[in-house]
$ cat my_file_28.pdb   # PDB, C-alpha atoms and all ligand atoms
MODEL        1
ATOM      1  CA  MET A   1     -42.563  -9.846 -43.864
ATOM      2  CA  ALA A   2     -45.326 -10.405 -46.353
ATOM      3  CA  PRO A   3     -44.209 -11.342 -49.860
ATOM      4  CA  PRO A   4     -44.830  -8.927 -52.687
ATOM      5  CA  THR A   5     -48.172  -9.416 -54.362
ATOM      6  CA  THR A   6     -47.450  -7.652 -57.628
ATOM      7  CA  PRO A   7     -45.757  -9.619 -60.424
ATOM      8  CA  SER A   8     -42.221  -8.726 -61.351
ATOM      9  CA  PRO A   9     -41.842  -6.558 -64.473
ATOM     10  CA  ARG A  10     -39.175  -9.005 -65.639
ATOM     11  CA  LYS A  11     -41.715 -11.804 -65.805
ATOM     12  CA  SER A  12     -44.410  -9.843 -67.594
ATOM     13  CA  PRO A  13     -43.038  -7.425 -70.191
ATOM     14  CA  PRO A  14     -45.717  -4.945 -71.264
ATOM     15  CA  HIS A  15     -46.165  -6.425 -74.709
ATOM     16  CA  VAL A  16     -47.166  -9.752 -73.182
ATOM     17  CA  TYR A  17     -50.469  -8.214 -72.259
ATOM     18  CA  PHE A  18     -51.214  -7.770 -75.934
ATOM     19  CA  LEU A  19     -51.703 -11.529 -75.987
ATOM     20  CA  ALA A  20     -55.118 -10.840 -74.535
ATOM     21  CA  VAL A  21     -56.198  -9.401 -77.875
ATOM     22  CA  ILE A  22     -55.258 -12.513 -79.856
ATOM     23  CA  PRO A  23     -58.674 -14.201 -79.519
ATOM     24  CA  VAL A  24     -60.291 -10.934 -80.668
ATOM     25  CA  LEU A  25     -57.993 -10.720 -83.671
ATOM     26  CA  LEU A  26     -58.695 -14.323 -84.581
ATOM     27  CA  ALA A  27     -62.441 -13.711 -84.308
ATOM     28  CA  ALA A  28     -62.110 -10.653 -86.555
ATOM     29  CA  LEU A  29     -60.073 -12.687 -89.013
ATOM     30  CA  PHE A  30     -62.720 -15.368 -89.074
ATOM     31  CA  LEU A  31     -65.396 -12.783 -89.862
ATOM     32  CA  ALA A  32     -63.277 -11.306 -92.657
ATOM     33  CA  ARG A  33     -61.934 -14.602 -94.041
ATOM     34  CA  PRO A  34     -64.039 -17.539 -92.823
ATOM     35  CA  ASP A  35     -61.897 -19.931 -94.884
ATOM     36  CA  ALA A  36     -58.679 -18.936 -93.148
ATOM     37  CA  LEU A  37     -58.991 -20.458 -89.683
ATOM     38  CA  PRO A  38     -59.902 -24.002 -90.740
ATOM     39  CA  SER A  39     -56.865 -24.061 -93.017
ATOM     40  CA  LEU A  40     -54.680 -23.137 -90.070
ATOM     41  CA  PHE A  41     -55.433 -26.494 -88.518
ATOM     42  CA  SER A  42     -54.710 -28.573 -91.604
ATOM     43  CA  PRO A  43     -51.685 -30.818 -90.968
ATOM     44  CA  ASP A  44     -50.299 -30.227 -94.459
ATOM     45  CA  HIS A  45     -50.940 -26.506 -94.428
ATOM     46  CA  ALA A  46     -47.301 -25.450 -94.032
ATOM     47  CA  ALA A  47     -46.151 -27.684 -96.850
ATOM     48  CA  SER A  48     -48.854 -26.458 -99.166
ATOM     49  CA  SER A  49     -48.365 -22.768 -98.518
ATOM     50  CA  SER A  50     -44.634 -22.206 -98.459
ATOM     51  CA  SER A  51     -44.774 -19.522-101.111
ATOM     52  CA  SER A  52     -45.020 -16.754 -98.540
ATOM     53  CA  SER A  53     -43.691 -16.224 -95.066
ATOM     54  CA  SER A  54     -44.046 -13.982 -92.053
ATOM     55  CA  SER A  55     -41.752 -11.056 -91.503
ATOM     56  CA  SER A  56     -39.865 -12.974 -88.829
ATOM     57  CA  SER A  57     -39.357 -16.341 -90.517
ATOM     58  CA  SER A  58     -38.379 -17.793 -93.854
ATOM     59  CA  THR A  59     -38.370 -21.185 -95.516
ATOM     60  CA  THR A  60     -35.179 -22.706 -96.902
ATOM     61  CA  ALA A  61     -35.003 -24.774-100.085
ATOM     62  CA  SER A  62     -35.013 -27.910 -97.930
ATOM     63  CA  GLY A  63     -38.246 -26.873 -96.245
ATOM     64  CA  MET A  64     -36.674 -25.820 -92.935
ATOM     65  CA  ILE A  65     -38.441 -22.900 -91.250
ATOM     66  CA  THR A  66     -35.831 -20.476 -89.945
ATOM     67  CA  GLY A  67     -36.719 -18.008 -87.214
ATOM     68  CA  PRO A  68     -37.823 -16.374 -85.141
ATOM     69  CA  HIS A  69     -36.326 -18.936 -82.741
ATOM     70  CA  VAL A  70     -32.817 -20.287 -83.232
ATOM     71  CA  LEU A  71     -30.814 -23.176 -81.814
ATOM     72  CA  PRO A  72     -28.393 -21.724 -79.247
ATOM     73  CA  ALA A  73     -24.764 -22.736 -79.655
ATOM     74  CA  LEU A  74     -23.357 -24.819 -76.847
ATOM     75  CA  PRO A  75     -21.000 -22.812 -74.609
ATOM     76  CA  TYR A  76     -18.513 -25.709 -74.823
ATOM     77  CA  ALA A  77     -17.402 -28.479 -77.179
ATOM     78  CA  TYR A  78     -19.433 -31.639 -77.569
ATOM     79  CA  ASP A  79     -16.704 -33.623 -75.799
ATOM     80  CA  ALA A  80     -16.264 -31.111 -72.951
ATOM     81  CA  LEU A  81     -18.224 -33.198 -70.473
ATOM     82  CA  GLU A  82     -16.382 -36.473 -71.106
ATOM     83  CA  PRO A  83     -16.156 -38.993 -69.546
ATOM     84  CA  TYR A  84     -19.431 -38.303 -67.723
ATOM     85  CA  PHE A  85     -21.616 -37.190 -70.633
ATOM     86  CA  ASP A  86     -20.286 -38.587 -73.917
ATOM     87  CA  LYS A  87     -19.588 -36.610 -77.085
ATOM     88  CA  GLU A  88     -21.855 -38.691 -79.342
ATOM     89  CA  THR A  89     -24.900 -38.234 -77.128
ATOM     90  CA  MET A  90     -24.233 -34.526 -76.655
ATOM     91  CA  GLU A  91     -23.965 -33.937 -80.403
ATOM     92  CA  LEU A  92     -27.054 -35.964 -81.251
ATOM     93  CA  HIS A  93     -29.005 -34.411 -78.394
ATOM     94  CA  HIS A  94     -28.134 -30.828 -79.287
ATOM     95  CA  ALA A  95     -27.859 -30.874 -83.078
ATOM     96  CA  ARG A  96     -30.783 -33.191 -83.748
ATOM     97  CA  HIS A  97     -33.215 -33.334 -80.846
ATOM     98  CA  HIS A  98     -33.009 -29.718 -79.703
ATOM     99  CA  GLN A  99     -32.897 -28.518 -83.321
ATOM    100  CA  THR A 100     -36.135 -30.381 -83.997
ATOM    101  CA  TYR A 101     -37.926 -28.574 -81.155
ATOM    102  CA  VAL A 102     -36.741 -25.233 -82.529
ATOM    103  CA  HIS A 103     -37.876 -26.162 -86.034
ATOM    104  CA  ASN A 104     -41.276 -27.346 -84.816
ATOM    105  CA  LEU A 105     -41.768 -24.153 -82.814
ATOM    106  CA  ASN A 106     -40.958 -21.976 -85.821
ATOM    107  CA  ALA A 107     -43.192 -24.146 -88.015
ATOM    108  CA  ALA A 108     -46.131 -23.721 -85.626
ATOM    109  CA  LEU A 109     -45.713 -19.935 -85.630
ATOM    110  CA  HIS A 110     -45.288 -20.019 -89.407
ATOM    111  CA  ARG A 111     -48.562 -21.901 -89.853
ATOM    112  CA  LEU A 112     -50.331 -19.188 -87.892
ATOM    113  CA  SER A 113     -48.813 -16.443 -90.033
ATOM    114  CA  GLN A 114     -49.802 -18.266 -93.226
ATOM    115  CA  ALA A 115     -53.413 -18.544 -92.111
ATOM    116  CA  GLN A 116     -53.846 -14.880 -91.295
ATOM    117  CA  ALA A 117     -54.509 -11.808 -93.342
ATOM    118  CA  PRO A 118     -51.352  -9.759 -93.979
ATOM    119  CA  GLU A 119     -52.598  -6.927 -91.796
ATOM    120  CA  SER A 120     -53.240  -9.224 -88.839
ATOM    121  CA  SER A 121     -50.773  -8.759 -86.008
ATOM    122  CA  ALA A 122     -51.689 -11.791 -83.889
ATOM    123  CA  SER A 123     -48.962 -13.985 -85.350
ATOM    124  CA  GLU A 124     -46.443 -11.151 -85.120
ATOM    125  CA  LEU A 125     -47.311 -10.744 -81.456
ATOM    126  CA  LEU A 126     -46.740 -14.430 -80.810
ATOM    127  CA  SER A 127     -43.557 -14.446 -82.867
ATOM    128  CA  SER A 128     -42.219 -11.469 -80.943
ATOM    129  CA  LEU A 129     -42.383 -13.256 -77.608
ATOM    130  CA  SER A 130     -39.395 -14.973 -76.083
ATOM    131  CA  VAL A 131     -39.755 -18.687 -75.575
ATOM    132  CA  HIS A 132     -40.150 -18.122 -71.821
ATOM    133  CA  GLU A 133     -42.936 -15.613 -72.433
ATOM    134  CA  LEU A 134     -44.680 -18.144 -74.638
ATOM    135  CA  LEU A 135     -44.495 -20.754 -71.886
ATOM    136  CA  ARG A 136     -45.857 -18.353 -69.276
ATOM    137  CA  ASN A 137     -48.783 -17.460 -71.533
ATOM    138  CA  LEU A 138     -49.798 -20.801 -73.019
ATOM    139  CA  ASP A 139     -53.415 -20.195 -72.057
ATOM    140  CA  LYS A 140     -53.483 -17.222 -74.409
ATOM    141  CA  VAL A 141     -52.178 -19.157 -77.419
ATOM    142  CA  PRO A 142     -54.959 -20.166 -79.855
ATOM    143  CA  ALA A 143     -56.259 -23.567 -78.780
ATOM    144  CA  ALA A 144     -55.435 -25.306 -82.035
ATOM    145  CA  LEU A 145     -51.771 -24.290 -81.725
ATOM    146  CA  ARG A 146     -51.426 -24.777 -77.980
ATOM    147  CA  THR A 147     -50.236 -28.396 -77.990
ATOM    148  CA  ALA A 148     -47.672 -27.718 -80.704
ATOM    149  CA  ILE A 149     -46.383 -24.642 -78.861
ATOM    150  CA  ARG A 150     -46.432 -26.454 -75.517
ATOM    151  CA  ASN A 151     -44.285 -29.325 -76.807
ATOM    152  CA  SER A 152     -41.918 -27.412 -79.041
ATOM    153  CA  ALA A 153     -41.435 -24.270 -76.942
ATOM    154  CA  GLY A 154     -41.103 -26.448 -73.849
ATOM    155  CA  GLY A 155     -38.492 -28.602 -75.564
ATOM    156  CA  HIS A 156     -36.592 -25.539 -76.767
ATOM    157  CA  ALA A 157     -36.573 -23.776 -73.385
ATOM    158  CA  ASN A 158     -35.850 -26.902 -71.351
ATOM    159  CA  HIS A 159     -32.851 -27.887 -73.459
ATOM    160  CA  ALA A 160     -31.451 -24.347 -73.575
ATOM    161  CA  LEU A 161     -31.506 -24.279 -69.774
ATOM    162  CA  PHE A 162     -30.059 -27.799 -69.613
ATOM    163  CA  TRP A 163     -27.002 -26.947 -71.754
ATOM    164  CA  ARG A 164     -26.182 -23.853 -69.693
ATOM    165  CA  GLY A 165     -26.550 -25.915 -66.535
ATOM    166  CA  LEU A 166     -23.718 -28.267 -67.448
ATOM    167  CA  LYS A 167     -20.047 -27.661 -66.703
ATOM    168  CA  LYS A 168     -17.271 -29.763 -65.267
ATOM    169  CA  GLY A 169     -15.391 -28.724 -62.174
ATOM    170  CA  THR A 170     -17.744 -26.350 -60.401
ATOM    171  CA  SER A 171     -18.326 -26.702 -56.669
ATOM    172  CA  LEU A 172     -21.223 -25.324 -54.692
ATOM    173  CA  ASP A 173     -19.164 -24.567 -51.588
ATOM    174  CA  GLN A 174     -16.581 -22.582 -53.569
ATOM    175  CA  ILE A 175     -19.022 -20.059 -54.962
ATOM    176  CA  ALA A 176     -18.524 -16.630 -53.451
ATOM    177  CA  PRO A 177     -21.226 -15.152 -51.231
ATOM    178  CA  GLN A 178     -23.992 -14.089 -53.526
ATOM    179  CA  GLN A 179     -24.566 -10.519 -54.459
ATOM    180  CA  GLY A 180     -27.051  -9.755 -57.147
ATOM    181  CA  HIS A 181     -27.626  -6.468 -58.847
ATOM    182  CA  ASP A 182     -31.208  -5.349 -58.962
ATOM    183  CA  PRO A 183     -31.549  -2.765 -61.755
ATOM    184  CA  GLU A 184     -34.541  -1.246 -59.961
ATOM    185  CA  ALA A 185     -32.647  -0.758 -56.710
ATOM    186  CA  GLU A 186     -29.563   1.263 -55.985
ATOM    187  CA  GLY A 187     -26.434  -0.805 -55.786
ATOM    188  CA  ALA A 188     -26.039  -4.495 -55.159
ATOM    189  CA  VAL A 189     -28.519  -6.460 -53.107
ATOM    190  CA  ARG A 190     -27.087  -9.128 -50.862
ATOM    191  CA  VAL A 191     -28.994 -12.378 -51.048
ATOM    192  CA  THR A 192     -28.576 -15.757 -49.438
ATOM    193  CA  SER A 193     -26.460 -18.421 -51.130
ATOM    194  CA  LEU A 194     -27.897 -21.414 -52.940
ATOM    195  CA  GLN A 195     -25.932 -23.670 -50.613
ATOM    196  CA  HIS A 196     -27.507 -22.090 -47.540
ATOM    197  CA  ALA A 197     -30.949 -22.235 -49.155
ATOM    198  CA  LEU A 198     -30.537 -25.954 -49.920
ATOM    199  CA  GLU A 199     -29.535 -26.576 -46.302
ATOM    200  CA  ARG A 200     -32.536 -24.605 -45.015
ATOM    201  CA  ASN A 201     -35.004 -26.346 -47.321
ATOM    202  CA  PHE A 202     -33.721 -29.923 -47.392
ATOM    203  CA  GLY A 203     -31.536 -30.259 -44.279
ATOM    204  CA  SER A 204     -28.271 -30.587 -46.207
ATOM    205  CA  VAL A 205     -26.929 -30.497 -49.746
ATOM    206  CA  GLU A 206     -26.506 -34.267 -49.587
ATOM    207  CA  ALA A 207     -30.131 -34.736 -48.562
ATOM    208  CA  PHE A 208     -31.213 -32.520 -51.459
ATOM    209  CA  GLN A 209     -29.153 -34.589 -53.886
ATOM    210  CA  ALA A 210     -30.617 -37.850 -52.597
ATOM    211  CA  GLN A 211     -34.169 -36.548 -53.032
ATOM    212  CA  PHE A 212     -33.374 -35.120 -56.472
ATOM    213  CA  GLU A 213     -31.991 -38.511 -57.570
ATOM    214  CA  LYS A 214     -35.141 -40.228 -56.334
ATOM    215  CA  ALA A 215     -37.338 -37.707 -58.145
ATOM    216  CA  ALA A 216     -35.415 -38.071 -61.419
ATOM    217  CA  ALA A 217     -35.531 -41.852 -61.217
ATOM    218  CA  SER A 218     -39.279 -41.787 -60.527
ATOM    219  CA  VAL A 219     -40.279 -39.982 -63.727
ATOM    220  CA  PHE A 220     -42.372 -42.465 -65.683
ATOM    221  CA  GLY A 221     -41.506 -42.440 -69.349
ATOM    222  CA  SER A 222     -40.075 -39.175 -70.671
ATOM    223  CA  GLY A 223     -39.764 -36.003 -68.668
ATOM    224  CA  TRP A 224     -37.631 -33.803 -66.473
ATOM    225  CA  ALA A 225     -36.617 -33.400 -62.827
ATOM    226  CA  TRP A 226     -36.268 -29.866 -61.480
ATOM    227  CA  LEU A 227     -35.089 -27.813 -58.560
ATOM    228  CA  VAL A 228     -37.268 -24.715 -58.583
ATOM    229  CA  HIS A 229     -37.660 -21.578 -56.515
ATOM    230  CA  VAL A 230     -41.141 -20.521 -55.441
ATOM    231  CA  PRO A 231     -41.957 -17.321 -53.530
ATOM    232  CA  ALA A 232     -43.808 -17.691 -50.238
ATOM    233  CA  SER A 233     -47.516 -16.938 -50.288
ATOM    234  CA  ALA A 234     -49.434 -15.138 -47.539
ATOM    235  CA  SER A 235     -50.979 -18.437 -46.440
ATOM    236  CA  ASP A 236     -47.526 -20.007 -46.256
ATOM    237  CA  LEU A 237     -46.439 -17.334 -43.785
ATOM    238  CA  GLU A 238     -49.651 -17.427 -41.765
ATOM    239  CA  GLY A 239     -48.980 -21.086 -41.081
ATOM    240  CA  LEU A 240     -45.695 -20.322 -39.363
ATOM    241  CA  SER A 241     -45.836 -19.717 -35.638
ATOM    242  CA  ASP A 242     -44.255 -16.522 -34.347
ATOM    243  CA  ALA A 243     -44.611 -17.522 -30.711
ATOM    244  CA  ALA A 244     -40.920 -18.306 -30.458
ATOM    245  CA  GLU A 245     -37.796 -16.617 -31.700
ATOM    246  CA  SER A 246     -37.178 -19.494 -34.104
ATOM    247  CA  GLY A 247     -40.668 -19.051 -35.533
ATOM    248  CA  ARG A 248     -40.170 -15.348 -36.163
ATOM    249  CA  ASP A 249     -36.801 -16.077 -37.749
ATOM    250  CA  ALA A 250     -38.289 -18.729 -40.005
ATOM    251  CA  ARG A 251     -41.113 -16.447 -41.092
ATOM    252  CA  ALA A 252     -38.722 -13.622 -41.867
ATOM    253  CA  TRP A 253     -36.339 -15.895 -43.782
ATOM    254  CA  ILE A 254     -39.047 -17.633 -45.791
ATOM    255  CA  GLY A 255     -40.826 -14.358 -46.456
ATOM    256  CA  LYS A 256     -37.643 -12.984 -47.971
ATOM    257  CA  ASN A 257     -36.322 -16.098 -49.681
ATOM    258  CA  GLY A 258     -39.339 -18.275 -50.451
ATOM    259  CA  PHE A 259     -38.957 -22.007 -50.953
ATOM    260  CA  LEU A 260     -36.896 -24.444 -52.952
ATOM    261  CA  LYS A 261     -38.872 -27.406 -54.236
ATOM    262  CA  LEU A 262     -38.275 -30.589 -56.184
ATOM    263  CA  VAL A 263     -40.757 -31.121 -58.995
ATOM    264  CA  THR A 264     -41.017 -33.275 -62.093
ATOM    265  CA  THR A 265     -42.676 -32.588 -65.430
ATOM    266  CA  ALA A 266     -43.878 -34.944 -68.139
ATOM    267  CA  ASN A 267     -42.663 -34.843 -71.723
ATOM    268  CA  GLN A 268     -41.401 -31.302 -72.473
ATOM    269  CA  ASP A 269     -43.515 -29.453 -69.942
ATOM    270  CA  SER A 270     -41.722 -26.732 -68.020
ATOM    271  CA  PRO A 271     -42.226 -25.310 -64.512
ATOM    272  CA  LEU A 272     -42.476 -21.957 -66.294
ATOM    273  CA  MET A 273     -45.860 -23.062 -67.664
ATOM    274  CA  GLY A 274     -47.359 -22.933 -64.173
ATOM    275  CA  PRO A 275     -47.972 -25.096 -61.098
ATOM    276  CA  GLU A 276     -50.623 -27.183 -62.867
ATOM    277  CA  TYR A 277     -47.963 -28.628 -65.171
ATOM    278  CA  VAL A 278     -45.697 -30.032 -62.428
ATOM    279  CA  THR A 279     -45.736 -32.863 -59.910
ATOM    280  CA  VAL A 280     -44.329 -31.752 -56.555
ATOM    281  CA  VAL A 281     -41.952 -34.303 -55.054
ATOM    282  CA  ALA A 282     -40.463 -32.426 -52.097
ATOM    283  CA  GLY A 283     -40.238 -28.985 -50.531
ATOM    284  CA  GLY A 284     -42.462 -26.649 -48.582
ATOM    285  CA  GLY A 285     -44.864 -23.922 -49.575
ATOM    286  CA  SER A 286     -48.222 -23.902 -51.262
ATOM    287  CA  SER A 287     -46.871 -24.392 -54.802
ATOM    288  CA  SER A 288     -49.194 -21.709 -56.128
ATOM    289  CA  GLY A 289     -46.549 -19.145 -57.049
ATOM    290  CA  VAL A 290     -44.432 -18.622 -60.144
ATOM    291  CA  MET A 291     -41.813 -21.363 -60.358
ATOM    292  CA  ALA A 292     -38.306 -20.417 -61.460
ATOM    293  CA  PRO A 293     -36.131 -23.337 -62.631
ATOM    294  CA  ILE A 294     -32.738 -23.519 -60.908
ATOM    295  CA  ILE A 295     -31.572 -26.978 -62.032
ATOM    296  CA  GLY A 296     -33.151 -29.178 -64.690
ATOM    297  CA  LEU A 297     -32.257 -32.745 -65.646
ATOM    298  CA  ASP A 298     -33.491 -34.293 -68.889
ATOM    299  CA  VAL A 299     -34.472 -37.917 -68.225
ATOM    300  CA  TRP A 300     -35.717 -38.738 -71.705
ATOM    301  CA  GLU A 301     -33.962 -41.880 -72.942
ATOM    302  CA  HIS A 302     -32.391 -39.861 -75.792
ATOM    303  CA  ALA A 303     -30.371 -38.041 -73.102
ATOM    304  CA  TYR A 304     -28.551 -41.113 -71.876
ATOM    305  CA  TYR A 305     -29.312 -44.319 -73.798
ATOM    306  CA  LEU A 306     -26.221 -44.392 -76.036
ATOM    307  CA  LYS A 307     -23.859 -44.399 -73.050
ATOM    308  CA  PHE A 308     -25.928 -45.746 -70.173
ATOM    309  CA  GLN A 309     -28.518 -47.878 -72.036
ATOM    310  CA  ASN A 310     -31.390 -48.385 -69.572
ATOM    311  CA  ARG A 311     -29.364 -47.459 -66.486
ATOM    312  CA  ARG A 312     -30.998 -44.130 -65.722
ATOM    313  CA  PRO A 313     -29.657 -44.052 -62.110
ATOM    314  CA  ASP A 314     -26.079 -44.168 -63.451
ATOM    315  CA  TYR A 315     -26.847 -41.202 -65.722
ATOM    316  CA  ILE A 316     -28.319 -39.308 -62.774
ATOM    317  CA  ASN A 317     -25.203 -39.981 -60.695
ATOM    318  CA  ALA A 318     -22.994 -38.775 -63.572
ATOM    319  CA  PHE A 319     -25.016 -35.556 -63.676
ATOM    320  CA  TRP A 320     -23.541 -34.454 -60.326
ATOM    321  CA  GLU A 321     -20.083 -34.483 -61.960
ATOM    322  CA  VAL A 322     -21.186 -31.971 -64.588
ATOM    323  CA  VAL A 323     -23.862 -29.885 -62.898
ATOM    324  CA  ASN A 324     -22.971 -26.209 -63.272
ATOM    325  CA  TRP A 325     -23.336 -24.830 -59.754
ATOM    326  CA  GLU A 326     -22.291 -21.383 -60.959
ATOM    327  CA  GLU A 327     -25.259 -21.247 -63.328
ATOM    328  CA  ALA A 328     -27.606 -22.704 -60.712
ATOM    329  CA  SER A 329     -26.507 -20.042 -58.231
ATOM    330  CA  ARG A 330     -26.981 -17.312 -60.839
ATOM    331  CA  LEU A 331     -30.522 -18.510 -61.563
ATOM    332  CA  TYR A 332     -31.252 -18.629 -57.834
ATOM    333  CA  VAL A 333     -30.077 -15.052 -57.352
ATOM    334  CA  ASP A 334     -32.196 -13.951 -60.322
ATOM    335  CA  ALA A 335     -35.238 -15.681 -58.825
ATOM    336  CA  LEU A 336     -34.705 -13.943 -55.486
ATOM    337  CA  LEU A 337     -34.299 -10.556 -57.096
ATOM    338  CA  ASP A 338     -37.431 -11.080 -59.187
ATOM    339  CA  ASN A 339     -39.422 -11.636 -56.012
ATOM    340  CA  ASN A 340     -37.957  -8.959 -53.745
TER     341      ASN A 340
HETATM  342 FE    FE B 401     -33.566 -34.015 -74.438
ENDMDL
END
$ encode --input "my_file_28.pdb" --output "structure tokens"
Amino acid sequence: MAPPTTPSPRKSPPHVYFLAVIPVLLAALFLARPDALPSLFSPDHAASSSSSSSSSSSTTASGMITGPHVLPALPYAYDALEPYFDKETMELHHARHHQTYVHNLNAALHRLSQAQAPESSASELLSSLSVHELLRNLDKVPAALRTAIRNSAGGHANHALFWRGLKKGTSLDQIAPQQGHDPEAEGAVRVTSLQHALERNFGSVEAFQAQFEKAAASVFGSGWAWLVHVPASASDLEGLSDAAESGRDARAWIGKNGFLKLVTTANQDSPLMGPEYVTVVAGGGSSSGVMAPIIGLDVWEHAYYLKFQNRRPDYINAFWEVVNWEEASRLYVDALLDNN
């Protein structure tokens, strides 16, 4: 079965396409106010122009830009993952590091709003996007803001996924057979389980874990290790022989379920940004499709240094004690439904 060739409506809400008009709006702004765009790129612009704000953000007395993005509350206490992930690191990581990415993202959007004429809607369009939509449309963000958005939106999205992906006591083999509800189809759609998909793609769950550990340990400097889902492309399926029953079965299964892959990203890059932002470590497929994160592990030193010092492998081993298989399975079902 050939994979669908049209993008899922979930991944591309209609208003995302308005991003295409941003360069036009900026050009029009430049013609109307030639002094405005250069000031957008001034590093002290935000500090020097805090007297006004966009409709979706405000500046506190301490200079903090609030909105449109907010730090999500943890769905558990800071000490909930003890003794594997310690309370002090969790609090510092969430309340300081993640908060900084949120602040920097809001500040970048605020700088854009301050540089534009009040009637301009380019900044409002950007501010109206979810953080995932921003990541999927980085190429449409004005070039001078792209690095700031890439780092801060990536940091915000990556950490939000990371927190939800942590929970003590879950077990992959105790998760009920997966049934997802596709709002565009009638009734529930039965999909394969994450456990079965890991076995199909990596040989066994244990083999997947060993390769994930190797990938996470191999990240040079700061970055992330990911398990992602990628839909099968037409060329992926053409490469599978259908001469034998096993070949036809494989083509049908992969056509329906796609691939699971292990990838790494540098700094705060996200697989949601696109294939060009990841390094593929393991897994089949052409890697050209939309990547949906299933599991993400932060391997920046700030994630583990207080407890594990420089022993990153020990931190990676501790991760298996707190990985939230329920959340990973939910994300896998969502990825399947988005591509079927
Ligand atoms: Fe982090």
$ residues_near_ligand --input "my_file_28.pdb" --ligand "ligand FE 401 (chain B)" --cutoff "6 Å" --atoms "only C-alpha atoms and all ligand atoms" --output "ChimeraX atom specification"
/A:298,300,303
$ write_last_selection --input "my_file_28.pdb" --atoms "C-alpha atoms" --output "compact mmCIF listing (two decimals), in the frame of the given file"
# COMPACT_ATOMS: atom_id res chain seq x y z
CA ASP A 298 -33.49 -34.29 -68.89
CA TRP A 300 -35.72 -38.74 -71.70
CA ALA A 303 -30.37 -38.04 -73.10
$ atom_distance --input "my_file_28.pdb" --atom1 "atom CA of A:Asn310" --atom2 "atom CA of A:Leu262"
23.3 Å
$ atom_distance --input "my_file_28.pdb" --atom1 "atom CA of A:Glu321" --atom2 "atom CA of A:Phe259"
25.2 Å
$ residues_around --input "my_file_28.pdb" --residues "A:Ala225" --least-positions-apart "3" --cutoff "8 Å" --atoms "only C-alpha atoms" --output "ChimeraX atom specification"
/A:212,215-216,219,262-265,296-299
$ atom_distance --input "my_file_28.pdb" --atom1 "atom CA of A:Ala207" --atom2 "atom CA of A:Asn257"
19.7 Å
$ residues_around --input "my_file_28.pdb" --residues "A:His159" --least-positions-apart "3" --cutoff "10 Å" --atoms "only C-alpha atoms" --output "number ranges by chain"
A: 71-72, 93-94, 97-99, 101, 153-156, 162-165, 268, 296-298
$ closest_residue --input "my_file_28.pdb" --among "A:Leu135, A:Met291, A:Leu237, A:Leu161" --to "A:Leu74" --atoms "only C-alpha atoms"
A:Leu161
$ residues_near_point --input "my_file_28.pdb" --point "(-51.2, -19.2, -48.7)" --cutoff "10 Å" --atoms "only C-alpha atoms" --output "compact mmCIF listing (two decimals) with C-alpha atoms, in the frame of the given file"
# COMPACT_ATOMS: atom_id res chain seq x y z
CA ALA A 232 -43.81 -17.69 -50.24
CA SER A 233 -47.52 -16.94 -50.29
CA ALA A 234 -49.43 -15.14 -47.54
CA SER A 235 -50.98 -18.44 -46.44
CA ASP A 236 -47.53 -20.01 -46.26
CA LEU A 237 -46.44 -17.33 -43.78
CA GLU A 238 -49.65 -17.43 -41.76
CA GLY A 239 -48.98 -21.09 -41.08
CA GLY A 285 -44.86 -23.92 -49.58
CA SER A 286 -48.22 -23.90 -51.26
CA SER A 287 -46.87 -24.39 -54.80
CA SER A 288 -49.19 -21.71 -56.13
CA GLY A 289 -46.55 -19.14 -57.05
$ residues_around --input "my_file_28.pdb" --residues "A:Leu198" --least-positions-apart "5" --cutoff "7 Å" --atoms "all atoms listed in the file" --output "PDB file with C-alpha atoms, in the coordinates of the input"
ATOM      1  CA  SER A 204     -28.271 -30.587 -46.207  1.00  0.00           C
ATOM      2  CA  VAL A 205     -26.929 -30.497 -49.746  1.00  0.00           C
ATOM      3  CA  PHE A 208     -31.213 -32.520 -51.459  1.00  0.00           C
TER       4      PHE A 208
END
$ closest_residue --input "my_file_28.pdb" --among "A:His229, A:His196, A:His69, A:Lys168" --to "A:Val131" --atoms "only C-alpha atoms"
A:His69
$ residues_around --input "my_file_28.pdb" --residues "A:Asn324" --least-positions-apart "5" --cutoff "6 Å" --atoms "only C-alpha atoms" --output "MDAnalysis selection string"
chainID A and resid 165:167 170
$ closest_residue --input "my_file_28.pdb" --among "A:Ala144, A:Ala108, A:Met90, A:Ala157" --to "A:Asp269" --atoms "all atoms listed in the file"
A:Ala157
$ residues_around --input "my_file_28.pdb" --residues "A:Glu326" --least-positions-apart "4" --cutoff "8 Å" --atoms "all atoms listed in the file" --output "list of chain:residue names"
A:Thr170, A:Ser171, A:Leu172, A:Ile175, A:Arg330
$ closest_residue --input "my_file_28.pdb" --among "A:Ala282, A:Val230, A:Ala252, A:Met273" --to "A:Ile294" --atoms "all atoms listed in the file"
A:Val230
$ closest_residue --input "my_file_28.pdb" --among "A:Ala328, A:Gly258, A:Trp320, A:Glu199" --to "A:Leu81" --atoms "all atoms listed in the file"
A:Trp320
$ closest_residue --input "my_file_28.pdb" --among "A:Ala266, A:Asn137, A:Thr147, A:Gly203" --to "A:Gly221" --atoms "all atoms listed in the file"
A:Ala266
